[in-house]
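Asks: Got a structure for you, questions after.
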Amino acid sequence: YKTVRLILGDQLNPSHSWFKHKDNDTLYLIAELKQETNYVKHHIQKLCAFFSAMANFASALKEAGFNVLHLTLDETHGDANLPGLLTRIATQYNCSAIEYQYPDEFRLKQQLNNFKKKSVFNINAVDTEHFLLQFEQINERFTKNKHATMEHFYRAMRKQYNILMDGAKPQGGKWNYDSNNRNKFSKSDLADIPVPKMFDNDVSSIISRLNKHNVSYFGEIKDELLQWPTTRKQAIDCLEYFCKNLLSRFGQFQDAMTDQCNHNTSLYHSRLSFALNAKLLHPLYVIKRVINEYEQNPQQITISQVEGFTRQILGWREYVRAIYWVNMPDYANKNQLDAKQKMPHYFWNGDTKMNCLSHALTQSLETAYAHHIQRLMVIGNFCLLTGINPNEVDNWYLGVYIDAIEWVEMPNTRGMSQFADDGIIATKPYSASGNYINKMSDYCKNCRYDVKQKIGDNACPLNSLYWHFMDKHRDKLQSNPRIGMVYKNWDKQSSNLQTQTLEQAKHHIKNIDSL
Ligand code: FAD
Ligand code: SF4
């Protein structure tokens with residue numbers, strides 16, 4: 001071979017122009033590597049999903065007639081790192097050139113850049129051809145350390161790609177239907193939630209390998225059958241299932257939470273994030289398919305469902321990636337609220353008396369999945385209010401979720417949910433008392449704490465923690481016109497109640513492990 005082409009675990013994009021032509025001079029390398037298993041402690045489902053998707057992609061390429069070298073941990077355990085592996089393989093196969101697609105993670109991009117500078121091989125990098133905002137445009141549209149409004153970016157992307165547009169105007173007359181999308185489940189709604197699309201991917205051989213090579217992980221896979229889509233066909237099945245069964249109520253229940261739906265923990269969400277992030281599916285393909293379903297079924301599917309979904313992929317997903325690249329590597333150290341608290345033990349077993357947190361944590365640990373509001377307003381809000389160190393919060397999110405890759409995990413976690421990024425993403429923190437959780441879920445009904453009480457042994461801890469957080473960061477927050485009213489309410493409370501509330505919160509923070 002003349003050239004080795006590296007395919008990383010999140011670059012399983014069958015439509016890449018690399019695969020437009022076959023030639024006998026090119027060897028495609030797909031390899032399980034120890035360095036990708038241990039940069040943080042991962043959930044076993046996440047490790048298996050990537051390794052399984054890589055093996056399937058390698059088989060599909062082979063079947064299509066490409067020369068593929070798929071290496072498992074059994075063959076790569078002696079390679080110290082990715083440059084070591086590339087050097088070994090290029091030498092072994094007498095290649096003079098190495099090519100790779102730009103990684104989406106800073107860590108890998110830097111590692112490969114350094115390799116490129118020092119290596120004796122002729123090394124060339126190309127675009128992944130996956131994202132809708134071109135990499136070169138990120139610096140034109142975003143400025144380092146400067147707030148960028150998602151909504152402005154999203155509207156520009158809608159225009160650029162002519163998505164849900166009537167000429168220059170948004171379809172339906174509005175850009176944003178969020179206000180239609182804040183429903184809570186009633187009892188009868190719960191009974192209607194369909195079962196999710198799940199798969200039975202046998203990952204027993206991957207689990208044996210992880211154990212054989214002492215990869216440290218947490219979590220379980222029931223019967224060694226992974227339920228996430230790990231081929232392009234399964235990913236498309238998942239998308240089709242979403243269009244036919246879930247889309248019609250996606251927006252409506254986008255923010256709703258419940259502990260009463262054991263048959264479907266992802267509710268009306270699509271479960272497509274892993275397939276998208278591994279690049280099994282292209283974002284435009286997903287958006288177009290969903291809009292096509294809406295156009296075919298305008299009676300069943302309203303614009304607010306489709307707009308809500310499109311906003312997540314065309315808006316948020318592209319936006320957080322741009323925030324990541326324009327601000328790295330400094331972004332990874334941001335901690336504007338100086339949060340230092342250690343993460344409590346129940347993040348590893350769900351064992352807390354707070355029902356909302358216990359449910360969201362247990363579900364995350366069992367399924368490697370939680371939907372956006374569970375991540376933001378339950379787990380993230382708790383970490384924000386109690387001041388958990390954002391490095392620990394980042395590592396936990398990066399390890400636990402099936403879709404967690406740093407470019408998308410970090411801006412969402414450190415930025416949006418922990419407000420640690422100097423306001424680059426959010427102009428105000430997503431902080432909430434128990435009232436918000438009670439409005440969007442049925443968690444409080446089954447909780448040992450009382451969501452209506454602020455102080456006392458039975459009071460919902462989030463209530464005092466919320467006011468403690470707002471009081472502690474008053475200097476930073478009160479000039480924000482969107483928060484002014486909150487402080488007016490606080491100032492109306494008697495000083496006795498204020499003192500008791502703050503004392504209660506301090507007690508909780510001090511004894512965080514026993515909440
Ligand atoms: P759906 O609700 O069906 O949404 C459809 C798609 O939209 C998702 O698959 C995803 O690709 C995209 N999307 C939705 N919201 C976002 C968002 N805020 N940012 C980027 N893309 C979005 N998403 C990840 O892919 N990886 C992460 O590591 C990740 N970490 C998060 C951490 C926090 C604190 C928060 C608040 C959100 C995080 N998200 C992350 C975004 C979102 O929670 C997940 O994408 C979503 O829950 C995945 O489930 P789904 O595919 O069923 O999503
Ligand atoms: Fe969560 Fe408070 Fe409701 Fe309990 S009462 S579920 S702690 S919000």
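Labels for the structure tokens follow display order: chains A, B, ..., residues from 1 in each chain, ligands from 1.
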Residues within 12 Å of Phe115 of chain A, please, as a VMD selection string. Count only C-alpha atoms; anything in the same chain fewer than 3 positions from it doesn't count.

Replies: chain A and resid 81 to 87 98 to 100 108 to 112 118 to 125

Asks: List as a JSON list (two decimals) with N, CA and C atoms, in the first residue's frame the protein and nucleic acid residues near Ser179 of chain A, meaning an atom at most 12 Å away when only C-alpha atoms are counted, but skip any in the same chain fewer than 2 places from it.

Replies:
[["chain", "number", "residue", "atom", "x", "y", "z"],
["A", 174, "LYS", "N", -43.41, 31.80, 12.51],
["A", 174, "LYS", "CA", -42.58, 31.99, 13.72],
["A", 174, "LYS", "C", -41.30, 31.18, 13.59],
["A", 175, "TRP", "N", -40.21, 31.74, 14.15],
["A", 175, "TRP", "CA", -38.95, 31.01, 14.13],
["A", 175, "TRP", "C", -38.90, 29.95, 15.22],
["A", 176, "ASN", "N", -39.65, 30.16, 16.26],
["A", 176, "ASN", "CA", -39.45, 29.39, 17.47],
["A", 176, "ASN", "C", -40.81, 29.06, 18.10],
["A", 177, "TYR", "N", -41.04, 27.76, 18.34],
["A", 177, "TYR", "CA", -42.33, 27.34, 18.90],
["A", 177, "TYR", "C", -42.15, 26.78, 20.31],
["A", 181, "ASN", "N", -44.22, 24.09, 23.51],
["A", 181, "ASN", "CA", -43.55, 22.82, 23.76],
["A", 181, "ASN", "C", -43.20, 22.60, 25.23],
["A", 182, "ARG", "N", -44.07, 23.04, 26.12],
["A", 182, "ARG", "CA", -43.71, 22.90, 27.55],
["A", 182, "ARG", "C", -44.77, 22.13, 28.31],
["A", 183, "ASN", "N", -45.21, 21.02, 27.74],
["A", 183, "ASN", "CA", -46.28, 20.25, 28.39],
["A", 183, "ASN", "C", -45.74, 19.22, 29.35],
["A", 251, "GLY", "N", -42.11, 17.65, 20.20],
["A", 251, "GLY", "CA", -41.98, 19.01, 20.73],
["A", 251, "GLY", "C", -42.82, 19.21, 21.98],
["A", 252, "GLN", "N", -44.05, 18.74, 21.85],
["A", 252, "GLN", "CA", -45.01, 18.90, 22.95],
["A", 252, "GLN", "C", -44.45, 18.41, 24.30],
["A", 253, "PHE", "N", -43.77, 17.25, 24.28],
["A", 253, "PHE", "CA", -43.27, 16.68, 25.53],
["A", 253, "PHE", "C", -41.74, 16.70, 25.63],
["A", 254, "GLN", "N", -41.15, 17.62, 24.91],
["A", 254, "GLN", "CA", -39.70, 17.70, 24.84],
["A", 254, "GLN", "C", -39.07, 17.92, 26.23],
["A", 255, "ASP", "N", -39.73, 18.69, 27.07],
["A", 255, "ASP", "CA", -39.15, 19.04, 28.37],
["A", 255, "ASP", "C", -39.76, 18.23, 29.52],
["A", 304, "SER", "N", -44.75, 22.89, 15.19],
["A", 304, "SER", "CA", -43.98, 23.08, 16.43],
["A", 304, "SER", "C", -43.18, 21.83, 16.80],
["A", 305, "GLN", "N", -43.68, 20.64, 16.41],
["A", 305, "GLN", "CA", -42.92, 19.41, 16.69],
["A", 305, "GLN", "C", -41.64, 19.40, 15.83],
["A", 307, "GLU", "N", -40.21, 21.92, 14.10],
["A", 307, "GLU", "CA", -39.29, 23.04, 14.34],
["A", 307, "GLU", "C", -38.45, 22.75, 15.59],
["A", 308, "GLY", "N", -39.13, 22.21, 16.63],
["A", 308, "GLY", "CA", -38.42, 21.89, 17.89],
["A", 308, "GLY", "C", -37.28, 20.92, 17.63]]

Asks: What are the closest atom pairs, with distances in Å to one decimal, for all residues of chain A lying within 8 Å of ligand 1? Consider only C-alpha atoms and all ligand atoms, order rows by chain and residue number, and present the result as CSV.

Replies:
residue,atom,partner,partner_atom_place_in_ligand_line,distance
A:Phe250,CA,ligand 1,3 (O),7.7
A:Gln254,CA,ligand 1,2 (O),6.8
A:Ser266,CA,ligand 1,52 (O),6.3
A:Tyr268,CA,ligand 1,3 (O),7.3
A:His269,CA,ligand 1,3 (O),3.8
A:Ser270,CA,ligand 1,3 (O),3.6
A:Arg271,CA,ligand 1,52 (O),3.4
A:Leu272,CA,ligand 1,51 (O),3.9
A:Ser273,CA,ligand 1,9 (O),3.3
A:Phe274,CA,ligand 1,25 (O),6.7
A:Ala275,CA,ligand 1,9 (O),8.0
A:Leu276,CA,ligand 1,11 (O),6.0
A:Asn277,CA,ligand 1,25 (O),6.4
A:Phe309,CA,ligand 1,5 (C),6.0
A:Thr310,CA,ligand 1,7 (O),7.6
A:Arg311,CA,ligand 1,7 (O),7.7
A:Gln312,CA,ligand 1,7 (O),4.2
A:Ile313,CA,ligand 1,7 (O),4.4
A:Trp316,CA,ligand 1,19 (N),4.8
A:Arg317,CA,ligand 1,20 (C),3.5
A:Glu318,CA,ligand 1,20 (C),7.1
A:Tyr319,CA,ligand 1,20 (C),7.7
A:Val320,CA,ligand 1,19 (N),6.1
A:Arg321,CA,ligand 1,20 (C),7.9
A:Tyr369,CA,ligand 1,49 (O),7.2
A:Ala370,CA,ligand 1,47 (O),5.9
A:His371,CA,ligand 1,47 (O),3.8
A:His372,CA,ligand 1,43 (O),3.4
A:Ile373,CA,ligand 1,36 (C),6.4
A:Gln374,CA,ligand 1,36 (C),7.6
A:Arg375,CA,ligand 1,36 (C),4.7
A:Leu376,CA,ligand 1,36 (C),3.8
A:Met377,CA,ligand 1,36 (C),7.5
A:Ile379,CA,ligand 1,34 (C),7.8
A:Gly380,CA,ligand 1,34 (C),5.7
A:Tyr397,CA,ligand 1,32 (C),6.5
A:Leu398,CA,ligand 1,28 (O),6.0
A:Tyr401,CA,ligand 1,28 (O),6.3
A:Ile402,CA,ligand 1,26 (N),7.6
A:Asp403,CA,ligand 1,26 (N),4.4
A:Ala404,CA,ligand 1,28 (O),3.1
A:Ile405,CA,ligand 1,28 (O),5.3
A:Glu406,CA,ligand 1,28 (O),6.6
A:Trp407,CA,ligand 1,28 (O),7.9
A:Val408,CA,ligand 1,26 (N),5.0
A:Glu409,CA,ligand 1,28 (O),3.4
A:Met410,CA,ligand 1,30 (N),7.0
A:Pro411,CA,ligand 1,32 (C),7.8
A:Asn412,CA,ligand 1,33 (C),4.5
A:Thr413,CA,ligand 1,34 (C),3.9
A:Arg414,CA,ligand 1,34 (C),7.5
A:Met416,CA,ligand 1,36 (C),6.7
A:Ser417,CA,ligand 1,34 (C),5.2
A:Gln418,CA,ligand 1,34 (C),7.9

Asks: Write the residues of the preceding selection, restricted to N, CA and C atoms, as a short mmCIF file (atom, residue, chain, number, x, y, z; two decimals), in the first residue's frame.

Replies:
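Contents of again_4.cif, freshly written:
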data_model
loop_
_atom_site.label_atom_id
_atom_site.label_comp_id
_atom_site.auth_asym_id
_atom_site.auth_seq_id
_atom_site.Cartn_x
_atom_site.Cartn_y
_atom_site.Cartn_z
N PHE A 250 -43.10 14.96 19.75
CA PHE A 250 -41.74 15.27 20.22
C PHE A 250 -41.66 16.63 20.91
N GLN A 254 -41.15 17.62 24.91
CA GLN A 254 -39.70 17.70 24.84
C GLN A 254 -39.07 17.92 26.23
N SER A 266 -36.73 7.07 27.34
CA SER A 266 -36.38 8.20 26.47
C SER A 266 -37.64 8.92 25.95
N TYR A 268 -40.47 10.69 24.22
CA TYR A 268 -40.66 10.98 22.78
C TYR A 268 -39.36 11.43 22.10
N HIS A 269 -38.24 11.24 22.77
CA HIS A 269 -36.96 11.65 22.17
C HIS A 269 -36.48 10.60 21.16
N SER A 270 -35.57 11.02 20.30
CA SER A 270 -35.25 10.19 19.12
C SER A 270 -34.22 9.10 19.36
N ARG A 271 -33.38 9.23 20.39
CA ARG A 271 -32.28 8.29 20.64
C ARG A 271 -31.29 8.23 19.45
N LEU A 272 -31.13 9.36 18.78
CA LEU A 272 -30.26 9.37 17.59
C LEU A 272 -28.87 9.95 17.87
N SER A 273 -28.64 10.43 19.09
CA SER A 273 -27.40 11.19 19.33
C SER A 273 -26.15 10.34 19.09
N PHE A 274 -26.15 9.07 19.50
CA PHE A 274 -24.96 8.26 19.26
C PHE A 274 -24.72 8.10 17.76
N ALA A 275 -25.78 7.76 17.03
CA ALA A 275 -25.63 7.53 15.58
C ALA A 275 -25.16 8.81 14.89
N LEU A 276 -25.68 9.96 15.32
CA LEU A 276 -25.24 11.23 14.73
C LEU A 276 -23.77 11.50 15.08
N ASN A 277 -23.44 11.33 16.35
CA ASN A 277 -22.08 11.70 16.78
C ASN A 277 -21.02 10.74 16.24
N PHE A 309 -37.51 19.94 16.78
CA PHE A 309 -36.50 18.93 16.49
C PHE A 309 -35.37 19.51 15.63
N THR A 310 -35.77 20.27 14.61
CA THR A 310 -34.78 20.86 13.70
C THR A 310 -33.84 21.79 14.47
N ARG A 311 -34.42 22.57 15.40
CA ARG A 311 -33.62 23.50 16.21
C ARG A 311 -32.50 22.77 16.95
N GLN A 312 -32.78 21.54 17.43
CA GLN A 312 -31.76 20.81 18.20
C GLN A 312 -30.57 20.46 17.32
N ILE A 313 -30.86 20.07 16.09
CA ILE A 313 -29.76 19.56 15.24
C ILE A 313 -29.12 20.67 14.41
N TRP A 316 -28.68 23.90 17.96
CA TRP A 316 -27.83 23.61 19.12
C TRP A 316 -26.59 22.79 18.80
N ARG A 317 -26.78 21.72 18.00
CA ARG A 317 -25.65 20.81 17.77
C ARG A 317 -24.51 21.52 17.05
N GLU A 318 -24.85 22.29 16.03
CA GLU A 318 -23.81 23.00 15.28
C GLU A 318 -23.23 24.15 16.12
N TYR A 319 -24.09 24.78 16.89
CA TYR A 319 -23.68 25.93 17.71
C TYR A 319 -22.67 25.51 18.78
N VAL A 320 -22.97 24.41 19.52
CA VAL A 320 -22.04 24.02 20.59
C VAL A 320 -20.68 23.59 20.01
N ARG A 321 -20.72 23.01 18.84
CA ARG A 321 -19.44 22.61 18.22
C ARG A 321 -18.60 23.85 17.91
N TYR A 369 -28.22 6.93 29.25
CA TYR A 369 -29.05 7.93 28.57
C TYR A 369 -29.86 8.75 29.57
N ALA A 370 -29.97 10.02 29.32
CA ALA A 370 -30.97 10.87 29.97
C ALA A 370 -31.31 11.92 28.94
N HIS A 371 -32.54 12.40 28.94
CA HIS A 371 -32.84 13.40 27.92
C HIS A 371 -32.38 14.78 28.38
N HIS A 372 -32.50 15.73 27.48
CA HIS A 372 -31.91 17.05 27.67
C HIS A 372 -32.28 17.70 29.02
N ILE A 373 -33.57 17.64 29.38
CA ILE A 373 -33.99 18.36 30.59
C ILE A 373 -33.53 17.63 31.85
N GLN A 374 -33.46 16.30 31.79
CA GLN A 374 -32.89 15.58 32.93
C GLN A 374 -31.42 15.98 33.12
N ARG A 375 -30.70 16.11 32.00
CA ARG A 375 -29.28 16.47 32.09
C ARG A 375 -29.11 17.91 32.57
N LEU A 376 -29.99 18.79 32.06
CA LEU A 376 -29.82 20.22 32.35
C LEU A 376 -30.45 20.62 33.67
N MET A 377 -31.73 20.27 33.84
CA MET A 377 -32.49 20.85 34.94
C MET A 377 -32.58 19.96 36.18
N ILE A 379 -29.90 16.99 36.93
CA ILE A 379 -28.53 16.68 37.37
C ILE A 379 -27.67 17.94 37.32
N GLY A 380 -27.74 18.65 36.18
CA GLY A 380 -26.92 19.86 36.03
C GLY A 380 -27.29 20.92 37.05
N TYR A 397 -20.19 13.51 33.07
CA TYR A 397 -21.03 13.51 31.86
C TYR A 397 -20.32 12.83 30.69
N LEU A 398 -19.02 13.10 30.58
CA LEU A 398 -18.25 12.53 29.47
C LEU A 398 -18.18 11.01 29.58
N TYR A 401 -22.62 9.18 29.40
CA TYR A 401 -23.63 9.18 28.33
C TYR A 401 -23.13 8.55 27.03
N ILE A 402 -24.02 7.83 26.41
CA ILE A 402 -23.72 7.08 25.19
C ILE A 402 -23.20 8.00 24.08
N ASP A 403 -23.66 9.26 24.09
CA ASP A 403 -23.34 10.21 23.03
C ASP A 403 -22.25 11.20 23.41
N ALA A 404 -21.58 10.95 24.55
CA ALA A 404 -20.69 12.00 25.07
C ALA A 404 -19.33 12.02 24.37
N ILE A 405 -19.14 13.05 23.57
CA ILE A 405 -17.83 13.32 22.98
C ILE A 405 -17.55 14.77 23.36
N GLU A 406 -16.30 15.07 23.65
CA GLU A 406 -16.02 16.34 24.32
C GLU A 406 -16.57 17.58 23.61
N TRP A 407 -16.55 17.58 22.26
CA TRP A 407 -16.97 18.80 21.55
C TRP A 407 -18.43 19.15 21.83
N VAL A 408 -19.25 18.14 22.15
CA VAL A 408 -20.66 18.41 22.41
C VAL A 408 -20.96 18.37 23.90
N GLU A 409 -20.24 17.51 24.60
CA GLU A 409 -20.47 17.38 26.05
C GLU A 409 -20.04 18.64 26.79
N MET A 410 -18.86 19.16 26.49
CA MET A 410 -18.31 20.22 27.33
C MET A 410 -19.07 21.56 27.25
N PRO A 411 -19.39 22.06 26.06
CA PRO A 411 -20.16 23.32 26.05
C PRO A 411 -21.52 23.16 26.73
N ASN A 412 -22.15 22.00 26.55
CA ASN A 412 -23.44 21.77 27.19
C ASN A 412 -23.30 21.72 28.71
N THR A 413 -22.25 21.05 29.17
CA THR A 413 -22.11 20.82 30.60
C THR A 413 -21.49 22.03 31.30
N ARG A 414 -20.25 22.32 30.93
CA ARG A 414 -19.53 23.40 31.60
C ARG A 414 -20.17 24.75 31.29
N MET A 416 -23.50 25.57 29.31
CA MET A 416 -24.94 25.76 29.51
C MET A 416 -25.36 25.37 30.92
N SER A 417 -24.96 24.21 31.40
CA SER A 417 -25.55 23.77 32.67
C SER A 417 -24.80 24.31 33.89
N GLN A 418 -23.49 24.50 33.82
CA GLN A 418 -22.76 24.94 35.03
C GLN A 418 -22.45 26.44 35.02
#

Asks: Could the residues of chain A that have an atom at most 12 Å from ligand 2 be listed as JSON lines, each with its closest atom pair and the distance in Å to one decimal, counting only C-alpha atoms and all ligand atoms and ordered by chain and ascending residue number?

Replies:
{"residue": "A:Met257", "atom": "CA", "partner": "ligand 2", "partner_atom_place_in_ligand_line": "6 (S)", "distance": 10.9}
{"residue": "A:Thr258", "atom": "CA", "partner": "ligand 2", "partner_atom_place_in_ligand_line": "6 (S)", "distance": 10.4}
{"residue": "A:Asp259", "atom": "CA", "partner": "ligand 2", "partner_atom_place_in_ligand_line": "6 (S)", "distance": 10.0}
{"residue": "A:Thr352", "atom": "CA", "partner": "ligand 2", "partner_atom_place_in_ligand_line": "7 (S)", "distance": 9.3}
{"residue": "A:Lys353", "atom": "CA", "partner": "ligand 2", "partner_atom_place_in_ligand_line": "7 (S)", "distance": 7.5}
{"residue": "A:Met354", "atom": "CA", "partner": "ligand 2", "partner_atom_place_in_ligand_line": "7 (S)", "distance": 4.0}
{"residue": "A:Asn355", "atom": "CA", "partner": "ligand 2", "partner_atom_place_in_ligand_line": "6 (S)", "distance": 4.4}
{"residue": "A:Cys356", "atom": "CA", "partner": "ligand 2", "partner_atom_place_in_ligand_line": "6 (S)", "distance": 4.2}
{"residue": "A:Leu357", "atom": "CA", "partner": "ligand 2", "partner_atom_place_in_ligand_line": "1 (Fe)", "distance": 6.4}
{"residue": "A:Ser358", "atom": "CA", "partner": "ligand 2", "partner_atom_place_in_ligand_line": "6 (S)", "distance": 8.6}
{"residue": "A:His359", "atom": "CA", "partner": "ligand 2", "partner_atom_place_in_ligand_line": "6 (S)", "distance": 8.9}
{"residue": "A:Ala360", "atom": "CA", "partner": "ligand 2", "partner_atom_place_in_ligand_line": "1 (Fe)", "distance": 10.3}
{"residue": "A:Gln374", "atom": "CA", "partner": "ligand 2", "partner_atom_place_in_ligand_line": "1 (Fe)", "distance": 11.5}
{"residue": "A:Met377", "atom": "CA", "partner": "ligand 2", "partner_atom_place_in_ligand_line": "8 (S)", "distance": 10.2}
{"residue": "A:Val378", "atom": "CA", "partner": "ligand 2", "partner_atom_place_in_ligand_line": "1 (Fe)", "distance": 8.0}
{"residue": "A:Ile379", "atom": "CA", "partner": "ligand 2", "partner_atom_place_in_ligand_line": "1 (Fe)", "distance": 10.4}
{"residue": "A:Asn381", "atom": "CA", "partner": "ligand 2", "partner_atom_place_in_ligand_line": "8 (S)", "distance": 10.7}
{"residue": "A:Phe382", "atom": "CA", "partner": "ligand 2", "partner_atom_place_in_ligand_line": "1 (Fe)", "distance": 9.6}
{"residue": "A:Ala432", "atom": "CA", "partner": "ligand 2", "partner_atom_place_in_ligand_line": "8 (S)", "distance": 9.3}
{"residue": "A:Ser433", "atom": "CA", "partner": "ligand 2", "partner_atom_place_in_ligand_line": "8 (S)", "distance": 7.1}
{"residue": "A:Gly434", "atom": "CA", "partner": "ligand 2", "partner_atom_place_in_ligand_line": "8 (S)", "distance": 3.7}
{"residue": "A:Asn435", "atom": "CA", "partner": "ligand 2", "partner_atom_place_in_ligand_line": "8 (S)", "distance": 6.7}
{"residue": "A:Tyr436", "atom": "CA", "partner": "ligand 2", "partner_atom_place_in_ligand_line": "8 (S)", "distance": 7.6}
{"residue": "A:Ile437", "atom": "CA", "partner": "ligand 2", "partner_atom_place_in_ligand_line": "8 (S)", "distance": 5.1}
{"residue": "A:Asn438", "atom": "CA", "partner": "ligand 2", "partner_atom_place_in_ligand_line": "3 (Fe)", "distance": 5.8}
{"residue": "A:Lys439", "atom": "CA", "partner": "ligand 2", "partner_atom_place_in_ligand_line": "8 (S)", "distance": 9.4}
{"residue": "A:Met440", "atom": "CA", "partner": "ligand 2", "partner_atom_place_in_ligand_line": "8 (S)", "distance": 10.1}
{"residue": "A:Ser441", "atom": "CA", "partner": "ligand 2", "partner_atom_place_in_ligand_line": "6 (S)", "distance": 8.6}
{"residue": "A:Asp442", "atom": "CA", "partner": "ligand 2", "partner_atom_place_in_ligand_line": "6 (S)", "distance": 7.8}
{"residue": "A:Tyr443", "atom": "CA", "partner": "ligand 2", "partner_atom_place_in_ligand_line": "6 (S)", "distance": 4.5}
{"residue": "A:Cys444", "atom": "CA", "partner": "ligand 2", "partner_atom_place_in_ligand_line": "3 (Fe)", "distance": 3.5}
{"residue": "A:Lys445", "atom": "CA", "partner": "ligand 2", "partner_atom_place_in_ligand_line": "6 (S)", "distance": 7.2}
{"residue": "A:Asn446", "atom": "CA", "partner": "ligand 2", "partner_atom_place_in_ligand_line": "6 (S)", "distance": 7.0}
{"residue": "A:Cys447", "atom": "CA", "partner": "ligand 2", "partner_atom_place_in_ligand_line": "4 (Fe)", "distance": 4.6}
{"residue": "A:Arg448", "atom": "CA", "partner": "ligand 2", "partner_atom_place_in_ligand_line": "4 (Fe)", "distance": 6.4}
{"residue": "A:Tyr449", "atom": "CA", "partner": "ligand 2", "partner_atom_place_in_ligand_line": "5 (S)", "distance": 4.7}
{"residue": "A:Asp450", "atom": "CA", "partner": "ligand 2", "partner_atom_place_in_ligand_line": "5 (S)", "distance": 4.8}
{"residue": "A:Val451", "atom": "CA", "partner": "ligand 2", "partner_atom_place_in_ligand_line": "5 (S)", "distance": 3.9}
{"residue": "A:Lys452", "atom": "CA", "partner": "ligand 2", "partner_atom_place_in_ligand_line": "5 (S)", "distance": 7.7}
{"residue": "A:Gln453", "atom": "CA", "partner": "ligand 2", "partner_atom_place_in_ligand_line": "5 (S)", "distance": 8.7}
{"residue": "A:Lys454", "atom": "CA", "partner": "ligand 2", "partner_atom_place_in_ligand_line": "2 (Fe)", "distance": 9.9}
{"residue": "A:Ile455", "atom": "CA", "partner": "ligand 2", "partner_atom_place_in_ligand_line": "2 (Fe)", "distance": 11.9}
{"residue": "A:Asp457", "atom": "CA", "partner": "ligand 2", "partner_atom_place_in_ligand_line": "5 (S)", "distance": 12.0}
{"residue": "A:Asn458", "atom": "CA", "partner": "ligand 2", "partner_atom_place_in_ligand_line": "5 (S)", "distance": 8.9}
{"residue": "A:Ala459", "atom": "CA", "partner": "ligand 2", "partner_atom_place_in_ligand_line": "5 (S)", "distance": 7.5}
{"residue": "A:Cys460", "atom": "CA", "partner": "ligand 2", "partner_atom_place_in_ligand_line": "2 (Fe)", "distance": 4.1}
{"residue": "A:Pro461", "atom": "CA", "partner": "ligand 2", "partner_atom_place_in_ligand_line": "7 (S)", "distance": 6.0}
{"residue": "A:Leu462", "atom": "CA", "partner": "ligand 2", "partner_atom_place_in_ligand_line": "2 (Fe)", "distance": 5.8}
{"residue": "A:Asn463", "atom": "CA", "partner": "ligand 2", "partner_atom_place_in_ligand_line": "2 (Fe)", "distance": 7.4}
{"residue": "A:Ser464", "atom": "CA", "partner": "ligand 2", "partner_atom_place_in_ligand_line": "2 (Fe)", "distance": 10.3}
{"residue": "A:Leu465", "atom": "CA", "partner": "ligand 2", "partner_atom_place_in_ligand_line": "2 (Fe)", "distance": 10.6}
{"residue": "A:Tyr466", "atom": "CA", "partner": "ligand 2", "partner_atom_place_in_ligand_line": "8 (S)", "distance": 11.0}
{"residue": "A:Leu515", "atom": "CA", "partner": "ligand 2", "partner_atom_place_in_ligand_line": "7 (S)", "distance": 9.1}

Asks: If you run DSSP on the backbone here, which positions in segment 138-184 of chain A get strand (DSSP E)? Please write them as a short mmCIF file (atom, residue, chain, number, x, y, z; two decimals) with C-alpha atoms, in the first residue's frame.

Replies:
data_model
loop_
_atom_site.label_atom_id
_atom_site.label_comp_id
_atom_site.auth_asym_id
_atom_site.auth_seq_id
_atom_site.Cartn_x
_atom_site.Cartn_y
_atom_site.Cartn_z
CA MET A 165 -38.59 28.60 5.11
CA ASP A 166 -41.26 30.34 3.01
CA LYS A 169 -39.81 34.08 6.19
CA PRO A 170 -39.99 31.12 8.59
#

Asks: Can you tell me which residues surround His282 of chain A at a distance of at most 8 Å, considering only C-alpha atoms, apart from same-chain residues fewer than 4 positions away, and format the answer as a PDB file with C-alpha atoms, in the first residue's frame?

Replies:
ATOM      1  CA  ASN A  13     -19.354   8.256   7.760  1.00  0.00           C
ATOM      2  CA  HIS A 130     -20.180  15.882   8.469  1.00  0.00           C
ATOM      3  CA  PHE A 131     -21.079  19.245   9.950  1.00  0.00           C
ATOM      4  CA  LEU A 276     -25.236  11.228  14.725  1.00  0.00           C
ATOM      5  CA  VAL A 286     -32.005  13.428   9.529  1.00  0.00           C
TER       6      VAL A 286
END

Asks: My list of candidates is A:Lys184, A:His16, A:Lys488, A:Arg5. Which is closest to Leu281 of chain A when distances are computed with only C-alpha atoms?

Replies: A:His16

Asks: Between A:Glu36, A:Lys334, A:Thr128, A:Ala505, single out the one closest to Gly423 of chain A, counting only C-alpha atoms.

Replies: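 Closest to Gly423 of chain A, using only C-alpha atoms: A:Lys334.
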
Asks: Could you go through segment 133-300 of chain A and tell me which residues DSSP, when run on the backbone, assigns to alpha helix (DSSP H), listing them as a PyMOL selection string?

Replies: chain A and resi 135-141+150-161+187-192+204-212+232-241+273-277+283-296

Asks: Taking only C-alpha atoms into account, which of A:Asp421, A:Ile509, A:Cys383, A:Gly315 comes nearest Asp330 of chain A?

Replies: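 Comparing A:Asp421, A:Ile509, A:Cys383, A:Gly315 against Asp330 of chain A, the winner is A:Asp421.
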
Asks: Considering only C-alpha atoms, can you say which of A:Lys222, A:His345, A:His70, A:Arg249 comes closest to Ser204 of chain A?

Replies: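 Nearest candidate to Ser204 of chain A out of A:Lys222, A:His345, A:His70, A:Arg249: A:Lys222.
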
Asks: Can you tell me, as an NGL selection string, what residues are no more than 12 Å from segment 212-219 of chain A when counting only C-alpha atoms, ignoring any on the same chain fewer than 6 positions away?

Replies: :A and (32-48 or 72-78 or 205-206 or 347-349 or 361-369 or 396 or 399-402)
